[in-house]
Structure formats: C-alpha cells, structure tokens
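Q: So that we are looking at the same thing, I have put the structure below in structure tokens.
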Amino acid sequence: MVRKRLIIEMGMGIDQHGQEPTVAAARAVRNAIAHNALPGVWEVAGLSHPNEMIIEVQVAVPYPEQVREAEVLAVLPFGRKTLTVESGGMIVQGRAIPELNDKNDEMLIAIAAVTVLIEDE
C-alpha cells in the first residue's frame with residue numbers, strides 16, 4: 001500500500017492566559033480544520049468511512065515536552081491519527097492576570113499542519 005496525500009491544512013492557536021502548550025496546540029489543530037469539508041475521501045478516494053483516513057498532525061509550540069498528545073488529537077473527530085510535536089511557535093510577552101490562573105506573562109503561540117492521507121495500491 002502507498003500513502004497518498006489528499007490535503008494539507010495549516011492553523012495557528014494561542015493560549016493567552018494559563019501558559020498551556022497543549023491548549024495552544026489544540027487550538028492550532030482546530031483552526032487548521034475549521035473551514036473544510038472533505039467529500040473527496042468518498043467521491044474520489046472511495047473510502048467508506050472517515051475513520052479510514054490517515055491523519056498526520058505536526059505541531060510546533062513552545063515547551064513541546066508539556067503537550068498532552070491525547071488532548072490535541074481529540075480535536076480531530078475521525079481518522080487514524082498521529083501527532084508529532086516539535087519546539088517552535090512563539091512566546092509573546094503578555095500580562096499575567098491572577099484571576100485567569102496565569103503563571104507568568106507569556107502568551108504561547110502554536111502552529112500546526114494537518115495532513116490527510118489515504119492508502120492506495
């Protein structure tokens with residue numbers, strides 16, 4: 001079987017308060033898939049169920065070692081999902097607000113690429 005890419009979607013996510021890289025990463029993935037429809041998986045690729053899609057997610061975010069993989073992948077409703085997290089994104093100086101449980105003044109920005117593939121002979 002050969003894997004063929006159908007689409008690559010890109011997104012950005014920010015955690016302004018709380019300094020949670022998982023939140024920023026999940027928002028980036030959600031942003032990447034927010035405005036799409038994939039009728040080609042049925043009409044062109046011939047899949048019978050969306051769980052047959054292969055979805056490879058790549059996220060670059062500050063503090064990648066803190067990302068909780070299951071929470072990021074839970075944003076995706078279907079597919080055989082994998083996640084690769086790497087150091088990247090951006091840290092921007094914000095303002096800590098104690099009532100919002102801020103640990104410091106950092107705002108975390110993540111970027112994501114979501115690739116949808118199918119297996120073909």
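Chain labels A, B, ... are given in the sequence in which chains occur in the structure tokens; within each chain residues are numbered consecutively from 1, and ligands are likewise numbered from 1 in the order shown.
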Among chain A, which ones does DSSP place in strand (DSSP E or B), written as a PDB file with C-alpha atoms, in the first residue's frame?

A:
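Once written, states.pdb looks like this:
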```pdb
ATOM      1  CA  VAL A   2       1.129   3.502  -0.834  1.00  0.00           C
ATOM      2  CA  ARG A   3       0.038   6.538   1.157  1.00  0.00           C
ATOM      3  CA  LYS A   4      -1.232   9.481  -0.905  1.00  0.00           C
ATOM      4  CA  ARG A   5      -1.867  12.960   0.450  1.00  0.00           C
ATOM      5  CA  LEU A   6      -5.272  14.492  -0.172  1.00  0.00           C
ATOM      6  CA  ILE A   7      -4.926  17.778   1.669  1.00  0.00           C
ATOM      7  CA  ILE A   8      -2.636  19.695   4.000  1.00  0.00           C
ATOM      8  CA  GLU A   9      -4.292  22.229   6.271  1.00  0.00           C
ATOM      9  CA  MET A  10      -2.440  24.797   8.369  1.00  0.00           C
ATOM     10  CA  GLY A  11      -3.518  26.605  11.503  1.00  0.00           C
ATOM     11  CA  MET A  12      -2.441  28.769  14.411  1.00  0.00           C
ATOM     12  CA  GLY A  13      -3.502  28.644  18.039  1.00  0.00           C
ATOM     13  CA  ILE A  14      -2.807  30.869  21.027  1.00  0.00           C
ATOM     14  CA  ASP A  15      -3.041  30.402  24.778  1.00  0.00           C
ATOM     15  CA  ILE A  54      -4.873   8.669   7.890  1.00  0.00           C
ATOM     16  CA  ILE A  55      -4.296  11.969   9.652  1.00  0.00           C
ATOM     17  CA  GLU A  56      -0.780  13.119  10.428  1.00  0.00           C
ATOM     18  CA  VAL A  57      -0.558  16.180  12.657  1.00  0.00           C
ATOM     19  CA  GLN A  58       2.595  18.204  13.108  1.00  0.00           C
ATOM     20  CA  VAL A  59       2.663  20.964  15.734  1.00  0.00           C
ATOM     21  CA  ALA A  60       5.405  23.427  16.636  1.00  0.00           C
ATOM     22  CA  VAL A  61       4.913  25.003  20.048  1.00  0.00           C
ATOM     23  CA  ARG A  80      -6.188   7.071  12.216  1.00  0.00           C
ATOM     24  CA  LYS A  81      -4.307   9.899  13.922  1.00  0.00           C
ATOM     25  CA  THR A  82      -0.676  10.537  14.792  1.00  0.00           C
ATOM     26  CA  LEU A  83       0.941  13.597  16.330  1.00  0.00           C
ATOM     27  CA  THR A  84       4.468  14.938  16.040  1.00  0.00           C
ATOM     28  CA  VAL A  85       5.309  17.808  18.374  1.00  0.00           C
ATOM     29  CA  GLU A  86       8.419  19.915  17.978  1.00  0.00           C
ATOM     30  CA  SER A  87       9.877  23.013  19.535  1.00  0.00           C
ATOM     31  CA  MET A  90       6.380  31.767  19.588  1.00  0.00           C
ATOM     32  CA  ILE A  91       6.341  33.229  23.073  1.00  0.00           C
ATOM     33  CA  VAL A  92       4.949  36.753  23.270  1.00  0.00           C
ATOM     34  CA  GLN A  93       5.101  38.988  26.315  1.00  0.00           C
ATOM     35  CA  GLU A 106       3.860  34.558  28.494  1.00  0.00           C
ATOM     36  CA  MET A 107       1.376  34.052  25.682  1.00  0.00           C
ATOM     37  CA  LEU A 108       2.074  30.817  23.781  1.00  0.00           C
ATOM     38  CA  ILE A 109       1.547  30.573  20.023  1.00  0.00           C
ATOM     39  CA  ALA A 110       1.485  27.224  18.206  1.00  0.00           C
ATOM     40  CA  ILE A 111       1.368  26.395  14.521  1.00  0.00           C
ATOM     41  CA  ALA A 112       0.009  23.174  13.059  1.00  0.00           C
ATOM     42  CA  ALA A 113      -0.071  21.279   9.801  1.00  0.00           C
ATOM     43  CA  VAL A 114      -2.721  18.588   9.427  1.00  0.00           C
ATOM     44  CA  THR A 115      -2.205  16.179   6.539  1.00  0.00           C
ATOM     45  CA  VAL A 116      -4.982  13.849   5.401  1.00  0.00           C
ATOM     46  CA  LEU A 117      -3.814  10.768   3.529  1.00  0.00           C
ATOM     47  CA  ILE A 118      -5.336   7.616   2.088  1.00  0.00           C
ATOM     48  CA  GLU A 119      -3.818   4.228   1.404  1.00  0.00           C
ATOM     49  CA  ASP A 120      -3.838   3.198  -2.245  1.00  0.00           C
TER      50      ASP A 120
END
```

Q: Write out as a list in words each polymer residue whose atoms come within 9 Å of A:Glu71, counting only C-alpha atoms; drop sequence neighbours fewer than 5 positions from it.

A: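 Everything that qualifies: Thr22, Val23 and Ala26 of chain A.
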
Q: Considering only alpha helix (DSSP H) as DSSP defines it on the backbone, what residues of stretch 7-114 of chain A qualify? List them as a count of residues only.

A: 22

Q: Between A:His49, A:Met1, A:Pro62, A:Ala25, which one has atoms that come closest to A:Gly89, using only C-alpha atoms?

A: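 Of all the options, A:Pro62 lies closest to A:Gly89.
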
Q: Considering only C-alpha atoms, return as a list in words whatever protein or nucleic-acid residues lie within 12 Å of stretch 98-101 of chain A, sequence-local ones (same chain, fewer than 6 positions apart) excluded.

A: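 That gives Asp15, Gln16, His17, Gly18, Gln19 and Glu20 of chain A.
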
Q: Using C-alpha atoms, can you write the selected residues to a file as a PDB file, in the first residue's frame?

A:
```pdb
ATOM      1  CA  ASP A  15      -3.041  30.402  24.778  1.00  0.00           C
ATOM      2  CA  GLN A  16      -3.079  33.979  26.074  1.00  0.00           C
ATOM      3  CA  HIS A  17      -3.607  33.018  29.698  1.00  0.00           C
ATOM      4  CA  GLY A  18      -2.588  29.874  31.520  1.00  0.00           C
ATOM      5  CA  GLN A  19       0.636  29.133  29.651  1.00  0.00           C
ATOM      6  CA  GLU A  20      -0.564  25.708  28.471  1.00  0.00           C
TER       7      GLU A  20
END
```

Q: How far is it from atom CA of A:Val29 to atom CA of A:Leu76, in Å with one decimal?

A: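 Computed distance, atom CA of A:Val29 to atom CA of A:Leu76, equals 8.0 Å.
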
Q: State, in Å with one decimal place, the distance from atom CA of A:Tyr63 to atom CA of A:Pro21.

A: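 Atom CA of A:Pro21 lies at a distance of 6.5 Å from atom CA of A:Tyr63.
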